[in-house]
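Written out below as structure tokens is the structure these notes cover.
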Amino acid sequence: MANLRAWRARAPFTYEFIYRRTPDVTAVDDGLCLSMAWGNSRGRMVDCFLSQGNTQTSELVQSWAQVRQSSDDVASAITQTTFDLPQRGHMGGIKSLLSAFNSDEVPVLHKNQKKDDYAHAITGLKLRDEGRVLFGCAMERVMVWTTDSIQQRESLLLLDGVDGVYDVGRDFVVASSMTGEVGVWKSASRNYMWRYNDTRRLRCDMDDMPVVSSLHVTPSDDGAFVGYSHGALAYCDFRVPYMKSVTSFAGAVRCIESTTGYCVVVGTDDGSLSLLDMRFARSESSSSIVRTYEQPVQAPITAIRSCPHDPRVFAVAVGTNVHIYNCEPRDSRCLLFTHEAHQSKVMDLGWHPSPEFSYTIGSVELGSGHGSGEFQIWRPSDFIL
């Protein structure tokens with residue numbers, strides 16, 4: 001807490017720090033945070049979904065890329081909280097916000113019990129179809145729920161098992177298999193709640209088949225970028241049965257995010273953060289890398305999210321911090337702001353999609369002990385953006 005007060009004293013006018021919240025430990029034994037997704041907003045009322053887990057779950061998530069073994073002790077849950085979020089500059093409702101998040105009556109929407117065959121960590125929450133459908137990855141399968149009744153409707157499987165990495169577009173879901181292939185599901189009538197068809201498996205034409213470490217469906221919804229554990233970046237067009245190599249990095253590709261125009265941002269395990277212009281992409285060439293961003297602290301990048309209200313701006317989770325960058329700066333200052341209030345590894349973050357809450361960010365940290373995971377909501381100032 002002392003570090004938090006010192007940080008806020010250094011930057012009193014650059015953000016609105018709405019509140020911090022320790023997740024409800026009754027949902028899962030240890031209340032550690034794995035992922036988050038903003039729900040629908042009704043006026044000032046906002047829903048937020050959190051994926052929480054116990055200590056064994058957090059260990060599984062962080063070691064899955066190397067070990068790929070589950071445990072009978074793994075337990076995870078999805079919780080939902082509805083609260084009254086103040087608009088920018090209106091902090092009068094802060095007491096009601098705190099009381100909502102300190103309440104013991106946090107709804108548990110889904111819980112994987114210990115000793116359950118499906119008791120894998122639920123990670124990577126994603127909300128689609130205007131908030132009606134919630135996706136989550138249980139390491140070996142992609143699970144689909146409807147948010148109105150929170151009923152599980154689908155489990156998307158691959159013959160060799162989903163390998164814990166997936167992404168969702170408007171009409172497509174992509175996930176990697178244990179053998180390095182990529183499975184693609186096309187929604188049957190733009191409705192994820194019913195069924196999927198046109199499932200296909202795409203294999204990359206690399207000699208040494210590595211593990212898929214990141215997937216990202218393009219905004220145009222006609223293809224996906226595929227990042228590999230040995231640093232390669234490929235692109236698969238959903239209209240053709242093969243993938244094309246784009247470029248390569250020194251570390252494993254962990255995060256891929258689209259920004260303005262033809263550009264994507266790529267983050268790696270060794271802390272490299274690069275902006276690529278796909279108009280200059282050539283196979284096994286670095287010509288597509290138009291900018292490399294300096295990182296204040298060199299650590300693995302865990303999440304990259306582009307701002308829905310300003311695609312030039314994107315947020316990056318690195319270690320215990322969240323950095324905000326501008327890919328088209330008016331001057332040479334690409335790094336705009338750093339949120340330093342977290343005390344443990346930041347696992348996920350998200351910009352609120354509603355224009356009413358523009359530039360509002362939620363970020364979750366794993367936590368390092370019993371009940372220490374946190375969910376924080378904050379806003380950078382318009383002045384720095």
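Each chain in the structure tokens gets a letter, A, B, ..., in the order shown, and its residues are numbered from 1; ligands are numbered from 1 in order too.
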
Neighbouring residues of Pro296 (chain A) were defined as those with any atom within 10 Å, considering only C-alpha atoms; residues of the same chain fewer than 6 positions away were excluded. Please report them as a PyMOL selection string.
chain A and resi 318+321+323+335+338

If you keep all heavy atoms, can you produce a file of those selected residues as a PDB file, in the first residue's frame?
ATOM      1  N   VAL A 318       3.054  -5.830 -18.753  1.00  0.00           N
ATOM      2  CA  VAL A 318       4.433  -6.312 -18.653  1.00  0.00           C
ATOM      3  C   VAL A 318       4.773  -6.446 -17.174  1.00  0.00           C
ATOM      4  O   VAL A 318       4.864  -5.442 -16.463  1.00  0.00           O
ATOM      5  CB  VAL A 318       5.429  -5.353 -19.332  1.00  0.00           C
ATOM      6  CG1 VAL A 318       6.838  -5.932 -19.278  1.00  0.00           C
ATOM      7  CG2 VAL A 318       5.030  -5.069 -20.760  1.00  0.00           C
ATOM      8  N   ASN A 321       3.242  -4.105 -14.289  1.00  0.00           N
ATOM      9  CA  ASN A 321       2.826  -2.800 -14.800  1.00  0.00           C
ATOM     10  C   ASN A 321       1.970  -2.928 -16.060  1.00  0.00           C
ATOM     11  O   ASN A 321       1.991  -3.950 -16.753  1.00  0.00           O
ATOM     12  CB  ASN A 321       4.051  -1.930 -15.129  1.00  0.00           C
ATOM     13  CG  ASN A 321       4.910  -1.656 -13.913  1.00  0.00           C
ATOM     14  OD1 ASN A 321       4.406  -1.579 -12.792  1.00  0.00           O
ATOM     15  ND2 ASN A 321       6.204  -1.521 -14.127  1.00  0.00           N
ATOM     16  N   HIS A 323       1.524  -0.536 -19.486  1.00  0.00           N
ATOM     17  CA  HIS A 323       2.007   0.616 -20.237  1.00  0.00           C
ATOM     18  C   HIS A 323       1.012   0.955 -21.337  1.00  0.00           C
ATOM     19  O   HIS A 323       0.432   0.058 -21.964  1.00  0.00           O
ATOM     20  CB  HIS A 323       3.373   0.332 -20.867  1.00  0.00           C
ATOM     21  CG  HIS A 323       4.402  -0.140 -19.898  1.00  0.00           C
ATOM     22  ND1 HIS A 323       4.790   0.609 -18.810  1.00  0.00           N
ATOM     23  CD2 HIS A 323       5.125  -1.290 -19.851  1.00  0.00           C
ATOM     24  CE1 HIS A 323       5.720  -0.054 -18.137  1.00  0.00           C
ATOM     25  NE2 HIS A 323       5.932  -1.207 -18.749  1.00  0.00           N
ATOM     26  N   LEU A 335       5.543   5.995 -25.588  1.00  0.00           N
ATOM     27  CA  LEU A 335       5.038   5.561 -24.288  1.00  0.00           C
ATOM     28  C   LEU A 335       4.338   6.738 -23.615  1.00  0.00           C
ATOM     29  O   LEU A 335       4.957   7.735 -23.277  1.00  0.00           O
ATOM     30  CB  LEU A 335       6.184   5.054 -23.411  1.00  0.00           C
ATOM     31  CG  LEU A 335       5.810   4.618 -21.985  1.00  0.00           C
ATOM     32  CD1 LEU A 335       4.779   3.505 -22.006  1.00  0.00           C
ATOM     33  CD2 LEU A 335       7.060   4.178 -21.223  1.00  0.00           C
ATOM     34  N   THR A 338       2.241   4.894 -17.612  1.00  0.00           N
ATOM     35  CA  THR A 338       2.458   3.596 -16.986  1.00  0.00           C
ATOM     36  C   THR A 338       1.638   3.507 -15.703  1.00  0.00           C
ATOM     37  O   THR A 338       1.737   4.376 -14.840  1.00  0.00           O
ATOM     38  CB  THR A 338       3.945   3.367 -16.662  1.00  0.00           C
ATOM     39  OG1 THR A 338       4.705   3.379 -17.875  1.00  0.00           O
ATOM     40  CG2 THR A 338       4.140   2.023 -15.973  1.00  0.00           C
TER      41      THR A 338
END

Need to verify the contact set: region 303-314 of chain A, 8 Å, only C-alpha atoms, exclusion of same-chain residues closer than 2 positions in sequence. Can you return it as an mmCIF file with N, CA, C and O atoms, in the first residue's frame?
data_model
loop_
_atom_site.group_PDB
_atom_site.id
_atom_site.type_symbol
_atom_site.label_atom_id
_atom_site.label_comp_id
_atom_site.auth_asym_id
_atom_site.auth_seq_id
_atom_site.Cartn_x
_atom_site.Cartn_y
_atom_site.Cartn_z
ATOM 1 N N ARG A 254 3.827 -14.211 -27.650
ATOM 2 C CA ARG A 254 2.780 -14.406 -26.646
ATOM 3 C C ARG A 254 1.527 -13.585 -26.915
ATOM 4 O O ARG A 254 0.431 -13.982 -26.506
ATOM 5 N N CYS A 255 1.638 -12.444 -27.565
ATOM 6 C CA CYS A 255 0.486 -11.561 -27.760
ATOM 7 C C CYS A 255 0.532 -10.958 -29.158
ATOM 8 O O CYS A 255 1.597 -10.539 -29.621
ATOM 9 N N ILE A 256 -0.635 -10.891 -29.815
ATOM 10 C CA ILE A 256 -0.783 -10.263 -31.121
ATOM 11 C C ILE A 256 -2.054 -9.430 -31.076
ATOM 12 O O ILE A 256 -3.096 -9.916 -30.636
ATOM 13 N N GLU A 257 -1.982 -8.181 -31.534
ATOM 14 C CA GLU A 257 -3.147 -7.299 -31.492
ATOM 15 C C GLU A 257 -3.133 -6.368 -32.698
ATOM 16 O O GLU A 257 -2.097 -5.804 -33.054
ATOM 17 N N SER A 258 -4.290 -6.203 -33.340
ATOM 18 C CA SER A 258 -4.421 -5.287 -34.471
ATOM 19 C C SER A 258 -4.574 -3.857 -33.982
ATOM 20 O O SER A 258 -5.196 -3.604 -32.949
ATOM 21 N N THR A 259 -3.995 -2.909 -34.727
ATOM 22 C CA THR A 259 -4.151 -1.492 -34.394
ATOM 23 C C THR A 259 -4.737 -0.788 -35.615
ATOM 24 O O THR A 259 -5.735 -1.213 -36.142
ATOM 25 N N THR A 260 -4.116 0.279 -36.063
ATOM 26 C CA THR A 260 -4.655 1.053 -37.185
ATOM 27 C C THR A 260 -4.297 0.409 -38.521
ATOM 28 O O THR A 260 -3.215 -0.170 -38.683
ATOM 29 N N VAL A 265 0.510 -5.254 -33.475
ATOM 30 C CA VAL A 265 1.528 -5.175 -32.437
ATOM 31 C C VAL A 265 1.777 -6.587 -31.922
ATOM 32 O O VAL A 265 0.831 -7.342 -31.662
ATOM 33 N N GLY A 267 3.968 -8.958 -29.065
ATOM 34 C CA GLY A 267 4.762 -9.013 -27.844
ATOM 35 C C GLY A 267 5.300 -10.411 -27.618
ATOM 36 O O GLY A 267 4.618 -11.402 -27.921
ATOM 37 N N ILE A 301 5.755 -10.235 -21.883
ATOM 38 C CA ILE A 301 4.517 -9.509 -22.153
ATOM 39 C C ILE A 301 3.358 -10.492 -22.063
ATOM 40 O O ILE A 301 3.356 -11.526 -22.740
ATOM 41 N N VAL A 316 -0.361 -2.440 -22.796
ATOM 42 C CA VAL A 316 0.493 -3.626 -22.742
ATOM 43 C C VAL A 316 0.742 -3.993 -21.285
ATOM 44 O O VAL A 316 1.163 -3.143 -20.487
ATOM 45 N N ALA A 317 0.482 -5.250 -20.925
ATOM 46 C CA ALA A 317 0.778 -5.749 -19.581
ATOM 47 C C ALA A 317 2.159 -6.385 -19.590
ATOM 48 O O ALA A 317 2.419 -7.338 -20.331
ATOM 49 N N VAL A 318 3.054 -5.830 -18.753
ATOM 50 C CA VAL A 318 4.433 -6.312 -18.653
ATOM 51 C C VAL A 318 4.773 -6.446 -17.174
ATOM 52 O O VAL A 318 4.864 -5.442 -16.463
ATOM 53 N N ILE A 324 0.823 2.234 -21.608
ATOM 54 C CA ILE A 324 -0.032 2.692 -22.696
ATOM 55 C C ILE A 324 0.829 3.373 -23.742
ATOM 56 O O ILE A 324 1.605 4.282 -23.430
ATOM 57 N N TYR A 325 0.685 2.927 -24.991
ATOM 58 C CA TYR A 325 1.484 3.434 -26.104
ATOM 59 C C TYR A 325 0.577 4.060 -27.159
ATOM 60 O O TYR A 325 -0.618 3.754 -27.245
ATOM 61 N N ASN A 326 1.173 4.899 -27.996
ATOM 62 C CA ASN A 326 0.518 5.449 -29.175
ATOM 63 C C ASN A 326 1.353 5.036 -30.382
ATOM 64 O O ASN A 326 2.539 5.369 -30.471
ATOM 65 N N CYS A 327 0.732 4.291 -31.299
ATOM 66 C CA CYS A 327 1.492 3.808 -32.457
ATOM 67 C C CYS A 327 1.682 4.887 -33.513
ATOM 68 O O CYS A 327 2.478 4.707 -34.442
ATOM 69 N N GLU A 328 0.968 6.006 -33.400
ATOM 70 C CA GLU A 328 1.147 7.136 -34.302
ATOM 71 C C GLU A 328 1.312 8.417 -33.477
ATOM 72 O O GLU A 328 0.445 9.296 -33.479
ATOM 73 N N MET A 347 -2.241 -10.376 -15.286
ATOM 74 C CA MET A 347 -2.601 -11.495 -16.157
ATOM 75 C C MET A 347 -3.437 -11.078 -17.355
ATOM 76 O O MET A 347 -3.362 -11.683 -18.417
ATOM 77 N N ASP A 348 -4.271 -10.046 -17.186
ATOM 78 C CA ASP A 348 -5.172 -9.662 -18.264
ATOM 79 C C ASP A 348 -5.612 -8.220 -18.058
ATOM 80 O O ASP A 348 -5.498 -7.670 -16.949
ATOM 81 N N LEU A 349 -6.118 -7.602 -19.118
ATOM 82 C CA LEU A 349 -6.642 -6.240 -19.031
ATOM 83 C C LEU A 349 -7.641 -6.041 -20.159
ATOM 84 O O LEU A 349 -7.702 -6.828 -21.109
ATOM 85 N N GLY A 350 -8.456 -4.988 -20.054
ATOM 86 C CA GLY A 350 -9.438 -4.715 -21.094
ATOM 87 C C GLY A 350 -9.945 -3.291 -21.030
ATOM 88 O O GLY A 350 -10.181 -2.754 -19.948
ATOM 89 N N TRP A 351 -10.090 -2.659 -22.201
ATOM 90 C CA TRP A 351 -10.713 -1.349 -22.299
ATOM 91 C C TRP A 351 -12.224 -1.549 -22.313
ATOM 92 O O TRP A 351 -12.726 -2.433 -23.000
ATOM 93 N N PRO A 353 -15.760 -1.282 -23.645
ATOM 94 C CA PRO A 353 -16.145 -1.021 -25.035
ATOM 95 C C PRO A 353 -17.130 0.124 -25.222
ATOM 96 O O PRO A 353 -17.278 0.623 -26.337
ATOM 97 N N PRO A 355 -18.667 3.799 -25.415
ATOM 98 C CA PRO A 355 -18.149 5.171 -25.528
ATOM 99 C C PRO A 355 -18.412 6.002 -24.280
ATOM 100 O O PRO A 355 -17.681 6.952 -23.999
ATOM 101 N N SER A 358 -15.295 5.762 -22.152
ATOM 102 C CA SER A 358 -14.108 5.727 -23.000
ATOM 103 C C SER A 358 -12.831 5.833 -22.177
ATOM 104 O O SER A 358 -12.775 6.537 -21.170
ATOM 105 N N TYR A 359 -11.828 5.080 -22.602
ATOM 106 C CA TYR A 359 -10.503 5.030 -21.961
ATOM 107 C C TYR A 359 -10.548 4.467 -20.550
ATOM 108 O O TYR A 359 -9.595 4.646 -19.776
ATOM 109 N N LEU A 385 -3.505 11.401 -23.494
ATOM 110 C CA LEU A 385 -3.885 10.638 -24.678
ATOM 111 C C LEU A 385 -4.104 11.560 -25.880
ATOM 112 O O LEU A 385 -4.157 11.099 -26.993
#

Mind checking which residues fall within 6 Å of region 143-145 of chain A, counting only C-alpha atoms, ignoring those fewer than 5 positions away in the same chain, and posting them as JSON, numbers by chain?
{"A": [133, 134, 135, 136, 137, 150, 151, 152, 153, 154, 155]}

For the selection just defined, write its residues with N, CA, C and O atoms to a file, as a compact mmCIF listing (two decimals), in the first residue's frame.
# COMPACT_ATOMS: atom_id res chain seq x y z
N VAL A 133 -22.82 -13.74 -25.47
CA VAL A 133 -22.10 -15.01 -25.43
C VAL A 133 -20.73 -14.81 -24.78
O VAL A 133 -20.00 -13.87 -25.11
N LEU A 134 -20.40 -15.69 -23.84
CA LEU A 134 -19.11 -15.64 -23.13
C LEU A 134 -18.30 -16.88 -23.49
O LEU A 134 -18.80 -18.01 -23.42
N PHE A 135 -17.04 -16.65 -23.90
CA PHE A 135 -16.11 -17.74 -24.20
C PHE A 135 -15.06 -17.83 -23.11
O PHE A 135 -14.66 -16.83 -22.52
N GLY A 136 -14.60 -19.04 -22.87
CA GLY A 136 -13.47 -19.26 -21.97
C GLY A 136 -12.74 -20.51 -22.39
O GLY A 136 -13.35 -21.45 -22.95
N CYS A 137 -11.44 -20.55 -22.16
CA CYS A 137 -10.64 -21.72 -22.54
C CYS A 137 -10.28 -22.51 -21.29
O CYS A 137 -9.66 -21.98 -20.37
N ILE A 150 -26.53 -17.96 -18.22
CA ILE A 150 -25.27 -18.62 -17.87
C ILE A 150 -25.42 -20.12 -17.95
O ILE A 150 -25.24 -20.86 -16.98
N GLN A 151 -25.78 -20.59 -19.11
CA GLN A 151 -25.83 -22.01 -19.40
C GLN A 151 -24.76 -22.34 -20.42
O GLN A 151 -24.61 -21.63 -21.41
N GLN A 152 -24.04 -23.42 -20.16
CA GLN A 152 -23.02 -23.82 -21.12
C GLN A 152 -23.70 -24.42 -22.34
O GLN A 152 -24.48 -25.37 -22.24
N ARG A 153 -23.41 -23.88 -23.53
CA ARG A 153 -24.04 -24.33 -24.76
C ARG A 153 -23.14 -25.20 -25.60
O ARG A 153 -23.62 -26.06 -26.33
N GLU A 154 -21.84 -24.95 -25.57
CA GLU A 154 -20.94 -25.67 -26.46
C GLU A 154 -19.62 -25.97 -25.75
O GLU A 154 -19.21 -25.27 -24.83
N SER A 155 -18.96 -27.02 -26.23
CA SER A 155 -17.55 -27.27 -25.94
C SER A 155 -16.88 -27.55 -27.27
O SER A 155 -17.22 -28.53 -27.95

So that I can see what lies close to region 214-221 of chain A, please list as a PyMOL selection string the residues with an atom at most 9 Å from it, counting only C-alpha atoms and leaving out residues fewer than 4 positions away in the same chain.
chain A and resi 165-176+225-229+238+252-258

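Closest approach to Ser363 (chain A) from the set A:Trp38, A:Trp185, A:Phe249, A:Phe337 is made by A:Trp38, with distances taken over only C-alpha atoms.
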
Please identify all polymer residues within 10 Å of Ile377 (chain A), counting only C-alpha atoms, omitting same-chain residues fewer than 4 positions from it, and present them as a ChimeraX atom specification.
/A:16-21,85,349-352,360-364

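Across A:Ser245, A:Ser368, A:Gln376, A:Ser354, the tightest approach to Glu59 (chain A) is made by A:Ser368 when counting only C-alpha atoms.
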
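When the distance limit is 6 Å and only C-alpha atoms are what count, the residues near Glu140 (chain A), minus those fewer than 6 positions from it on the same chain, are Gly161, Val162, Asp163 and Gly164 of chain A.
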
Residues flagged strand (DSSP E or B) by DSSP in region 166-326 of chain A, as an MDAnalysis selection string
chainID A and resid 166:168 172:177 182:187 196:202 212:217 223:228 232:237 243:248 253:258 263:268 273:277 289:292 301:306 313:318 321:326

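With only C-alpha atoms as the atoms that count, the residue of A:Leu275, A:Leu32, A:Ser344, A:Ala250 with the shortest distance to His230 (chain A) is A:Ala250.
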
Please report the interatomic distance between CA of Ala121 (chain A) and CA of Val346 (chain A) in Å with one decimal.
16.7 Å
